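Q: Okay, so here is coords.txt, and as you'll see once you scroll down, it has compact mmCIF, C-alpha atoms and all ligand atoms.
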```
# COMPACT_ATOMS: atom_id res chain seq x y z
CA MET A 1 64.87 65.29 96.86
CA ASN A 2 63.86 68.89 97.49
CA TYR A 3 65.35 70.56 94.42
CA LYS A 4 64.26 74.08 95.28
CA GLU A 5 66.37 74.10 98.44
CA LYS A 6 69.41 72.97 96.47
CA LEU A 7 69.27 75.79 93.91
CA ASP A 8 72.01 78.38 93.70
CA ILE A 9 69.97 81.59 93.74
CA ASN A 10 72.84 83.44 92.07
CA ARG A 11 72.59 81.27 88.97
CA ILE A 12 68.88 81.28 88.22
CA PRO A 13 68.28 81.55 84.44
CA GLU A 14 66.74 84.77 83.22
CA HIS A 15 64.64 83.06 80.55
CA VAL A 16 63.15 79.56 80.54
CA ALA A 17 61.18 78.20 77.57
CA ILE A 18 58.93 75.14 77.68
CA ILE A 19 57.45 72.83 75.06
CA MET A 20 54.39 71.59 76.94
CA ASP A 21 53.89 68.14 75.43
CA GLY A 22 51.93 65.02 76.29
CA ASN A 23 48.44 66.31 77.08
CA GLY A 24 46.85 63.99 74.53
CA ARG A 25 48.71 60.88 75.72
CA TRP A 26 47.96 61.70 79.36
CA ALA A 27 44.23 61.82 78.59
CA THR A 28 44.24 58.74 76.37
CA GLU A 29 46.05 56.74 79.07
CA LYS A 30 43.20 57.63 81.40
CA GLY A 31 40.52 56.80 78.84
CA GLN A 32 39.56 60.46 78.57
CA MET A 33 39.06 62.87 75.65
CA ARG A 34 42.27 64.66 74.56
CA LEU A 35 40.74 67.98 75.62
CA VAL A 36 40.67 66.77 79.22
CA GLY A 37 44.46 66.54 78.92
CA HIS A 38 44.68 70.12 77.69
CA ALA A 39 42.36 71.35 80.45
CA THR A 40 44.46 69.56 83.06
CA GLY A 41 47.55 71.02 81.39
CA VAL A 42 46.36 74.48 82.44
CA GLU A 43 47.05 73.45 86.04
CA SER A 44 50.65 72.68 85.03
CA VAL A 45 50.88 76.12 83.41
CA ARG A 46 49.99 77.51 86.84
CA GLU A 47 52.60 75.29 88.51
CA ALA A 48 55.36 76.36 86.11
CA LEU A 49 54.42 80.03 86.34
CA THR A 50 54.28 79.94 90.15
CA ALA A 51 57.68 78.26 90.28
CA ALA A 52 59.10 80.81 87.82
CA THR A 53 57.75 83.82 89.77
CA ASP A 54 58.97 82.23 92.97
CA LEU A 55 62.51 82.06 91.58
CA GLN A 56 62.12 85.54 90.09
CA ILE A 57 62.74 84.23 86.61
CA LYS A 58 62.24 87.19 84.32
CA TYR A 59 60.84 85.41 81.22
CA LEU A 60 58.85 82.21 80.89
CA THR A 61 57.94 81.25 77.32
CA LEU A 62 55.35 78.52 76.75
CA TYR A 63 54.72 76.85 73.40
CA ALA A 64 50.93 76.79 73.52
CA PHE A 65 49.92 76.46 69.85
CA SER A 66 52.04 75.97 66.75
CA THR A 67 51.08 76.85 63.17
CA GLU A 68 51.07 73.08 62.54
CA ASN A 69 48.47 72.54 65.30
CA TRP A 70 45.73 73.84 62.96
CA ASN A 71 45.94 70.42 61.27
CA ARG A 72 44.45 68.72 64.33
CA PRO A 73 40.77 67.67 64.33
CA LYS A 74 38.53 70.78 64.33
CA ALA A 75 36.94 69.87 67.66
CA GLU A 76 40.35 69.79 69.34
CA VAL A 77 41.46 73.10 67.78
CA ASP A 78 38.16 74.76 68.79
CA GLY A 79 38.46 73.29 72.27
CA LEU A 80 42.02 74.59 72.65
CA MET A 81 40.97 78.08 71.54
CA ASP A 82 38.04 78.07 74.00
CA LEU A 83 40.37 76.91 76.74
CA LEU A 84 42.76 79.72 75.97
CA VAL A 85 39.97 82.33 76.10
CA THR A 86 38.48 81.05 79.36
CA THR A 87 41.88 80.54 81.00
CA ILE A 88 43.15 84.01 80.15
CA ALA A 89 39.89 85.57 81.32
CA SER A 90 39.85 83.63 84.58
CA GLU A 91 43.59 84.09 85.32
CA LEU A 92 43.85 87.81 84.55
CA GLU A 93 43.27 88.91 88.11
CA SER A 94 45.82 86.43 89.41
CA LEU A 95 48.37 87.60 86.81
CA ASN A 96 47.94 91.15 88.08
CA THR A 97 48.09 90.14 91.73
CA ASN A 98 51.36 88.34 91.04
CA ASP A 99 52.78 91.20 88.97
CA VAL A 100 53.00 88.98 85.86
CA ARG A 101 53.08 90.62 82.46
CA LEU A 102 51.59 88.73 79.52
CA LEU A 103 53.06 88.86 76.01
CA THR A 104 52.50 86.72 72.95
CA ILE A 105 54.76 85.68 70.09
CA GLY A 106 53.52 84.22 66.82
CA ASN A 107 50.99 85.32 64.23
CA SER A 108 48.20 86.06 66.69
CA ASP A 109 46.33 88.03 63.99
CA GLU A 110 45.19 84.70 62.57
CA LEU A 111 43.64 83.48 65.84
CA PRO A 112 39.85 83.49 66.24
CA GLU A 113 38.44 86.95 67.04
CA SER A 114 37.39 86.05 70.61
CA CYS A 115 40.85 84.70 71.36
CA LYS A 116 42.58 87.72 69.84
CA ASN A 117 40.42 90.14 71.86
CA GLU A 118 40.95 88.29 75.13
CA LEU A 119 44.70 88.24 74.54
CA LEU A 120 44.89 91.92 73.55
CA ASN A 121 42.92 92.83 76.65
CA ALA A 122 45.17 90.75 78.95
CA VAL A 123 48.36 92.08 77.32
CA LYS A 124 47.10 95.64 77.78
CA ARG A 125 45.93 95.13 81.35
CA THR A 126 49.21 93.57 82.47
CA GLU A 127 51.55 95.89 80.56
CA ASN A 128 52.76 97.77 83.63
CA ASN A 129 53.51 94.67 85.70
CA LYS A 130 57.16 94.36 86.63
CA GLY A 131 57.54 90.71 87.66
CA THR A 132 57.85 87.62 85.47
CA VAL A 133 56.94 88.08 81.80
CA LEU A 134 54.81 85.17 80.61
CA ILE A 135 55.24 84.79 76.85
CA LEU A 136 52.71 82.58 75.10
CA ALA A 137 53.82 81.25 71.72
CA LEU A 138 50.54 81.12 69.83
CA ASN A 139 50.15 80.27 66.17
CA TYR A 140 53.92 80.18 66.32
CA SER A 141 56.43 78.80 63.84
CA SER A 142 60.11 79.55 64.21
CA LYS A 143 60.82 79.11 60.49
CA LEU A 144 58.02 81.58 59.71
CA GLU A 145 59.41 83.99 62.31
CA ILE A 146 62.84 83.86 60.64
CA LYS A 147 61.31 84.15 57.16
CA GLN A 148 59.33 87.24 58.18
CA ALA A 149 62.47 88.79 59.73
CA VAL A 150 64.48 88.14 56.54
CA LYS A 151 61.73 89.71 54.41
CA ARG A 152 61.55 92.83 56.58
CA ILE A 153 65.32 93.22 56.52
CA ALA A 154 65.40 92.70 52.72
CA GLU A 155 62.69 95.34 52.35
CA LYS A 156 64.72 97.83 54.42
CA TYR A 157 67.79 97.08 52.32
CA LYS A 158 65.79 97.58 49.13
CA GLN A 159 64.50 100.93 50.39
CA GLY A 160 68.08 101.99 51.18
CA GLU A 161 67.33 102.16 54.92
CA ILE A 162 70.20 99.80 55.80
CA GLU A 163 73.55 98.84 54.29
CA LEU A 164 74.57 95.23 53.60
CA ASP A 165 77.25 95.46 56.31
CA GLU A 166 74.61 96.36 58.89
CA ILE A 167 72.98 92.93 58.54
CA ASN A 168 74.42 91.22 61.58
CA GLU A 169 73.15 88.91 64.35
CA GLU A 170 71.87 91.81 66.42
CA LEU A 171 69.84 93.20 63.53
CA ILE A 172 68.31 89.78 62.82
CA GLN A 173 67.51 89.32 66.53
CA ASN A 174 65.81 92.72 66.53
CA HIS A 175 63.49 91.60 63.74
CA LEU A 176 62.30 88.44 65.49
CA TYR A 177 59.14 88.32 67.64
CA THR A 178 61.49 88.13 70.61
CA ALA A 179 63.24 91.45 69.88
CA GLY A 180 64.49 92.88 73.16
CA ILE A 181 64.08 89.59 75.04
CA PRO A 182 67.24 87.65 75.99
CA ASP A 183 67.59 84.13 74.57
CA PRO A 184 66.46 81.32 76.91
CA GLU A 185 69.31 79.78 78.88
CA LEU A 186 67.16 76.69 79.35
CA MET A 187 64.51 74.92 77.27
CA ILE A 188 62.40 72.17 78.81
CA ARG A 189 60.35 69.65 76.84
CA THR A 190 58.01 67.23 78.54
CA SER A 191 56.63 63.84 77.47
CA GLY A 192 59.86 62.14 76.43
CA GLU A 193 59.98 63.54 72.88
CA ILE A 194 63.48 64.69 72.01
CA ARG A 195 62.84 67.35 69.37
CA ILE A 196 62.74 71.13 69.03
CA SER A 197 59.63 71.09 66.79
CA ASN A 198 60.10 74.46 65.09
CA PHE A 199 60.35 76.32 68.41
CA LEU A 200 62.74 79.29 68.87
CA LEU A 201 65.32 77.86 66.44
CA TRP A 202 67.43 81.03 66.44
CA GLN A 203 67.00 81.78 70.14
CA LEU A 204 67.89 78.26 71.35
CA ALA A 205 71.31 78.25 69.63
CA TYR A 206 73.19 78.06 72.95
CA SER A 207 70.42 76.99 75.33
CA GLU A 208 70.73 74.01 77.61
CA LEU A 209 68.04 71.46 76.73
CA HIS A 210 66.18 69.46 79.37
CA PHE A 211 64.00 66.56 78.25
CA THR A 212 61.80 64.84 80.81
CA PRO A 213 59.46 61.84 80.35
CA VAL A 214 56.85 63.53 82.59
CA LEU A 215 53.68 64.27 80.60
CA TRP A 216 52.70 67.94 80.75
CA PRO A 217 49.54 67.48 82.91
CA ASP A 218 51.74 65.73 85.52
CA PHE A 219 54.39 68.47 85.47
CA LYS A 220 54.60 70.11 88.91
CA LYS A 221 56.67 72.86 90.53
CA GLU A 222 59.14 70.25 91.72
CA ASP A 223 59.75 69.14 88.10
CA PHE A 224 60.48 72.75 87.21
CA TYR A 225 62.93 73.16 90.10
CA ARG A 226 64.59 69.90 89.10
CA ALA A 227 65.12 71.18 85.55
CA ILE A 228 66.75 74.35 86.95
CA TYR A 229 68.88 72.23 89.30
CA GLU A 230 70.12 70.06 86.45
CA TYR A 231 70.75 73.17 84.35
CA GLN A 232 72.91 74.55 87.18
CA SER A 233 74.97 71.38 87.24
CA ARG A 234 75.99 71.84 83.61
CA GLN A 235 78.76 74.06 82.37
CA ARG A 236 77.78 76.39 79.54
CA ARG A 237 80.90 76.73 77.42
CA PHE A 238 79.73 78.79 74.40
CA GLY A 239 82.39 77.12 72.23
CA MET A 240 85.22 77.68 74.73
CA ILE A 241 87.13 74.97 76.60
CA ALA A 242 86.63 74.25 80.30
CA GLU A 243 89.99 75.76 81.33
CA GLN A 244 89.14 79.08 79.67
CA LEU A 245 85.82 79.22 81.50
CA ASN A 246 87.42 78.42 84.84
CA GLU A 247 89.85 81.28 84.24
CA LEU A 248 86.94 83.64 83.41
CA ASN A 249 84.99 82.56 86.50
CA LYS A 250 88.04 83.20 88.68
CA ASN A 251 88.02 86.80 87.51
CA ASP A 252 84.29 87.30 88.28
C1 LIG B 301 50.77 69.39 73.58
O1 LIG B 301 50.23 68.17 73.95
C2 LIG B 301 49.99 70.53 74.07
C3 LIG B 301 49.39 71.48 73.29
C4 LIG B 301 49.45 71.46 71.83
C5 LIG B 301 48.61 72.57 73.87
C6 LIG B 301 49.06 73.13 75.20
C7 LIG B 301 47.94 73.87 75.80
C8 LIG B 301 47.64 73.95 77.13
C9 LIG B 301 48.47 73.35 78.18
C10 LIG B 301 46.42 74.64 77.59
C11 LIG B 301 46.31 76.11 77.40
C12 LIG B 301 47.50 76.89 77.69
C13 LIG B 301 47.54 78.12 78.24
C14 LIG B 301 48.83 78.84 78.19
C15 LIG B 301 46.40 78.79 78.88
P1 LIG B 301 49.76 67.19 72.79
O2 LIG B 301 48.33 67.42 72.53
O3 LIG B 301 50.65 67.34 71.61
O4 LIG B 301 49.98 65.79 73.47
P2 LIG B 301 50.34 64.41 72.74
O5 LIG B 301 51.69 64.59 72.13
O6 LIG B 301 50.34 63.45 73.88
O7 LIG B 301 49.26 64.14 71.75
```
In structure tokens, what does this structure look like?

A:
Amino acid sequence: MNYKEKLDINRIPEHVAIIMDGNGRWATEKGQMRLVGHATGVESVREALTAATDLQIKYLTLYAFSTENWNRPKAEVDGLMDLLVTTIASELESLNTNDVRLLTIGNSDELPESCKNELLNAVKRTENNKGTVLILALNYSSKLEIKQAVKRIAEKYKQGEIELDEINEELIQNHLYTAGIPDPELMIRTSGEIRISNFLLWQLAYSELHFTPVLWPDFKKEDFYRAIYEYQSRQRRFGMIAEQLNELNKND
């Protein structure tokens, strides 16, 4: 089936987030080193980004490295960092040609110096691009993100900068890494795992979740379009009942 052709262009999500999973298994199945899976996964990053820009999706967030990933064997962590540096360097021109802006979320201060510099450079050099915003979650932990937000809000309260009554959802949202970015309408996870894994816990509160058995290195544009197609076939109710939504849609 050609999913792209079937999409309703008036109901394309504004923000799609992806947990790219299964690189290791993909490589092991082929008798290769796990890093070969990660390197091949870069091609799927290209596929997903091309599909997202094609559909004019405003934000694409990719879970590239979690705070827990530091516990992997050193060779794999080093390899992933090298891959990140070389990929960002080699893709920068293409990001600019395609009007893609790069942002990161997570504690990127703790990344190796070379990685930090490459990222800072790419973020700076794409800052005026107006197309899709590619957000890389790097050294990211959602619980840590929420903890840091709570601490900063508590500090402001202590300093008398805010009142207790001012602590509402909007204020919390504004203290997350994703301040100013709308919550994803859709989150995709590859490789058949059905978990959120400490990813955007606050932001995914009302997101539609799409789990596919496809391993990340096998994920192609068509898989992305399929996820959007399936998302469009669902009804997002936000706690309301179907009849209420139908009434609201009638008035659109
Ligand atoms: C999960 O597969 C994948 C990662 C932890 C890293 C993802 C990184 C890339 C695709 C390459 C670099 C990305 C960018 C944005 C340039 P896994 O290793 O957990 O697979 P497994 O569950 O099969 O072991």

Q: List every protein, DNA or RNA residue with an atom no more than 12 Å from (60.0, 69.5, 78.9) in the file's coordinates, counting all atoms listed in the file, and format the result as a ChimeraX atom specification.

A: /A:16-22,44,48,62-63,186-196,208-220,223-224,226-228

Q: If we count all atoms listed in the file, what is near segment 99-103 of chain A at a cut-off of 8 Å, once residues fewer than 4 positions away on the same chain are taken out, given as a list in words?

A: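 Here the answer would be Leu95, Ala122, Val123, Thr126, Glu127, Asn128, Asn129, Lys130, Gly131, Thr132, Val133, Leu134, Ile135 and Leu136 of chain A.
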
Q: Within 6 Å of ligand LIG 301 (chain B), counting all atoms listed in the file: which residues, as a PyMOL selection string?

A: chain A and resi 20-25+38-39+41-42+64-65+84+87

Q: Have a look at atom CA of Ala52 of chain A and atom CA of Pro13 of chain A and let me know their distance in Å, one decimal.

A: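 Separation of atom CA of Ala52 of chain A and atom CA of Pro13 of chain A: 9.8 Å.
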
Q: I'd like to know which of A:Leu49, A:Val150, A:Leu164, A:Leu144 is closest to Glu68 of chain A, using all atoms listed in the file.

A: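 Comparing A:Leu49, A:Val150, A:Leu164, A:Leu144 against Glu68 of chain A, the winner is A:Leu144.
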
Q: To one decimal place, how far is atom CA of Leu60 of chain A from atom CA of Ile153 of chain A in Å?

A: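 These atoms are spaced 27.5 Å apart.
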
Q: Rounded to one decimal, what separation in Å do you get between atom CA of Arg34 of chain A and atom CA of Gly79 of chain A?

A: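 Computed distance, atom CA of Arg34 of chain A to atom CA of Gly79 of chain A, equals 9.7 Å.
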
Q: Which residues come within 10 Å of Glu91 of chain A, counting all atoms listed in the file, excluding same-chain residues fewer than 5 positions away, as a list in words?

A: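 Non-adjacent residues within range: Arg46, Thr86, Asn96, Thr97 and Ala122 of chain A.
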